[in-house]
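These notes are about the structure you will find just below.
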Amino acid sequence: MRVRFGPAGRPVNYRGSTIGVPAYLRAKGLDAFEYQAVRGVRISESDARALGQAARQYDVLLSLHAPYAINLASEKVETIEASINRLVTAARAASWMGAYLVVFHPGYYGKRSTAEAVRVCIESLKRAVELVKQENIKGILLGPETTGKTSQIGSLDEVIEICRSVDLCKPVIDFAHIHARYQGIIRTKDDYLKIIDRVEKELGDIAIKPLHIHFTHVDFGKGGEREHRTLDEKDYGPPFEPLAELLIELGLDAVIISESPVLDEDAVKMKKILEEKMKSRGVSS
Ligand SMILES: [Zn+2]
């Protein structure tokens, strides 16, 4: 069992260059970093390679979050083309830095039925994968994420369907998003188990070795996700403790990316919670 923890983006109190992030995280006991390219992929090849070098040196696992401006199910052909292009550009940068996974939000239903939107999304994604292969971009997987708003493609079922249909796809399980999308459904260990069990049964090793998780407390309304909250804001869920217990019981490898407003600080807190539970159960890492 190995569980890695790290922030989605630059640590909150860090002021240096991105290349220095892995050393900073390692000093805090963290060992994962999800590089944020959510407003566009702007990193140069040399900086990406230097970041990758530092990440390897400090044993920090990298992933990359692709731009938000991706809609693989748009009604506009140009938007789909641009979205495919952004995803391939993200994959290229991820490959430079040795990031293992390109996380992305699949898109929006728009005026399409949910089934039709997912079908178009899958077709577009297959074309992106073709381009990734043609260009010989190596070492990366594409990670469609469970999304938090009911207007977005990305229910657990849809993410599973996408991953079953398209090569190189590995699901990203954002528990806060699932929680928000379904009005607070994650409360117990069993709620987590149902999700992880389904993902494992339907997708197998590519999905759970390791399980790539986004975690934060979250506020939600009718349309789903409203805003992220810190781990100390106990009025909000989903609760981390039952997930930590379940990971230990399953002996699962996981990468837990903190999307809390205090990114790395809550990653450290989650890591402590997991380690304390491991210790009290006599489990070694
Ligand atoms: Zn995301």
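Residue numbering restarts at 1 for every chain of the structure tokens, chains are lettered A, B, ... in their displayed order, and ligands are numbered from 1 as they appear.
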
Using only C-alpha atoms, what table do you get, as JSON lines, when you list each residue of range 25-46 of chain A with an atom no more than 12 Å from range 253-260 of chain A, its nearest pair of atoms, and their distance in Å rounded to one decimal, rows by chain then rising number?
```
{"residue": "A:Leu30", "atom": "CA", "partner": "A:Ile257", "partner_atom": "CA", "distance": 10.3}
{"residue": "A:Asp31", "atom": "CA", "partner": "A:Val255", "partner_atom": "CA", "distance": 9.0}
{"residue": "A:Ala32", "atom": "CA", "partner": "A:Val255", "partner_atom": "CA", "distance": 7.1}
{"residue": "A:Phe33", "atom": "CA", "partner": "A:Ile257", "partner_atom": "CA", "distance": 7.4}
{"residue": "A:Glu34", "atom": "CA", "partner": "A:Ile257", "partner_atom": "CA", "distance": 7.0}
{"residue": "A:Tyr35", "atom": "CA", "partner": "A:Ile257", "partner_atom": "CA", "distance": 10.6}
{"residue": "A:Gln36", "atom": "CA", "partner": "A:Glu259", "partner_atom": "CA", "distance": 11.2}
```

For the residues in that selection, give me C-alpha atoms as a PDB file, in the first residue's frame.
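Below you can see result13.pdb, which holds the result:
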```
ATOM      1  CA  LEU A  30       4.321  15.419   0.646  1.00  0.00           C
ATOM      2  CA  ASP A  31       4.988  13.349  -2.455  1.00  0.00           C
ATOM      3  CA  ALA A  32       2.516  14.299  -5.196  1.00  0.00           C
ATOM      4  CA  PHE A  33       1.918  17.487  -7.193  1.00  0.00           C
ATOM      5  CA  GLU A  34      -0.832  18.208  -9.687  1.00  0.00           C
ATOM      6  CA  TYR A  35       0.515  20.927 -11.938  1.00  0.00           C
ATOM      7  CA  GLN A  36      -2.294  23.303 -12.921  1.00  0.00           C
TER       8      GLN A  36
END
```

Find the residues near Val172 in chain A: any atom within 8 Å, counting only C-alpha atoms, skip ones fewer than 4 places away on the same chain, and give them as a short mmCIF file (atom, residue, chain, number, x, y, z; two decimals) with C-alpha atoms, in the first residue's frame.
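Written output follows (part.cif):
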```
data_model
loop_
_atom_site.label_atom_id
_atom_site.label_comp_id
_atom_site.auth_asym_id
_atom_site.auth_seq_id
_atom_site.Cartn_x
_atom_site.Cartn_y
_atom_site.Cartn_z
CA VAL A 103 -6.63 15.24 -15.68
CA GLY A 143 -7.91 11.15 -16.79
CA PRO A 144 -11.54 12.17 -17.24
CA GLU A 145 -12.68 13.50 -13.87
CA THR A 146 -15.97 13.05 -12.05
CA LEU A 211 -6.51 5.29 -7.55
CA HIS A 212 -6.20 8.98 -8.46
CA ILE A 213 -8.32 11.00 -6.04
CA HIS A 214 -9.23 14.66 -5.70
#
```

In Å to one decimal, how far is CA of Gly148 in chain A from CA of Arg181 in chain A?
5.0 Å

Range 61-78 of chain A surroundings by only C-alpha atoms, 6 Å radius, close-in-sequence under 4 positions cut, as a list of chain:residue names:
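Residues near the query, excluding close chain neighbours: A:Ala32, A:Phe33, A:Glu34, A:Tyr35, A:Gln36, A:Ala37, A:Val38, A:Arg39, A:Gly40, A:Ser83, A:Ala90, A:Ala99, A:Tyr100, A:Leu101, A:Val102, A:Val103, A:Phe104, A:Pro106, A:Gly107, A:Ala117, A:Val120, A:Cys121, A:Ser124.
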
For N, CA and C atoms, I'd like the residues from the last selection saved as a compact mmCIF listing (two decimals), in the first residue's frame.
```txt
# COMPACT_ATOMS: atom_id res chain seq x y z
N ALA A 32 3.25 14.21 -3.93
CA ALA A 32 2.52 14.30 -5.20
C ALA A 32 2.28 15.78 -5.50
N PHE A 33 2.17 16.09 -6.79
CA PHE A 33 1.92 17.49 -7.19
C PHE A 33 1.12 17.47 -8.49
N GLU A 34 -0.06 18.09 -8.45
CA GLU A 34 -0.83 18.21 -9.69
C GLU A 34 -0.62 19.61 -10.25
N TYR A 35 0.20 19.66 -11.28
CA TYR A 35 0.52 20.93 -11.94
C TYR A 35 -0.75 21.45 -12.62
N GLN A 36 -1.06 22.74 -12.40
CA GLN A 36 -2.29 23.30 -12.92
C GLN A 36 -2.04 24.06 -14.22
N ALA A 37 -2.60 23.53 -15.30
CA ALA A 37 -2.57 24.26 -16.57
C ALA A 37 -4.02 24.62 -16.92
N VAL A 38 -4.79 24.98 -15.90
CA VAL A 38 -6.24 25.13 -16.08
C VAL A 38 -6.62 26.35 -16.91
N ARG A 39 -5.70 27.32 -17.01
CA ARG A 39 -5.98 28.49 -17.86
C ARG A 39 -5.17 28.46 -19.14
N GLY A 40 -4.69 27.30 -19.49
CA GLY A 40 -3.90 27.14 -20.71
C GLY A 40 -2.53 26.57 -20.37
N SER A 83 -10.72 21.88 -28.45
CA SER A 83 -10.64 21.09 -27.20
C SER A 83 -9.69 19.92 -27.36
N ALA A 90 -1.76 19.55 -23.69
CA ALA A 90 -1.56 19.22 -22.27
C ALA A 90 -0.80 17.89 -22.14
N ALA A 99 4.87 13.68 -16.09
CA ALA A 99 3.61 13.54 -15.35
C ALA A 99 2.88 12.31 -15.88
N TYR A 100 2.34 11.50 -14.99
CA TYR A 100 1.78 10.22 -15.44
C TYR A 100 0.35 10.35 -15.94
N LEU A 101 -0.32 11.45 -15.59
CA LEU A 101 -1.76 11.54 -15.85
C LEU A 101 -2.15 12.96 -16.23
N VAL A 102 -2.98 13.08 -17.27
CA VAL A 102 -3.52 14.38 -17.69
C VAL A 102 -4.99 14.43 -17.28
N VAL A 103 -5.27 15.16 -16.21
CA VAL A 103 -6.63 15.24 -15.68
C VAL A 103 -7.43 16.26 -16.50
N PHE A 104 -8.67 15.92 -16.84
CA PHE A 104 -9.47 16.90 -17.60
C PHE A 104 -10.96 16.71 -17.31
N PRO A 106 -14.49 16.45 -19.02
CA PRO A 106 -14.86 16.06 -20.39
C PRO A 106 -15.65 17.11 -21.18
N GLY A 107 -16.55 17.85 -20.52
CA GLY A 107 -17.32 18.85 -21.26
C GLY A 107 -18.71 19.03 -20.69
N ALA A 117 -24.42 13.44 -25.63
CA ALA A 117 -23.23 14.21 -25.24
C ALA A 117 -22.07 13.26 -24.92
N VAL A 120 -20.65 11.79 -28.19
CA VAL A 120 -19.80 12.74 -28.92
C VAL A 120 -18.46 12.91 -28.19
N CYS A 121 -18.53 12.98 -26.89
CA CYS A 121 -17.32 13.11 -26.07
C CYS A 121 -16.37 11.94 -26.32
N SER A 124 -14.73 12.23 -29.75
CA SER A 124 -13.70 13.28 -29.76
C SER A 124 -12.45 12.80 -29.03
```

Which residue is closest to ligand 1? Choose from A:Ala8, A:Ile248, A:Ile84, A:Leu131 and count only C-alpha atoms and all ligand atoms.
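For ligand 1, the nearest of the given residues is A:Ala8.
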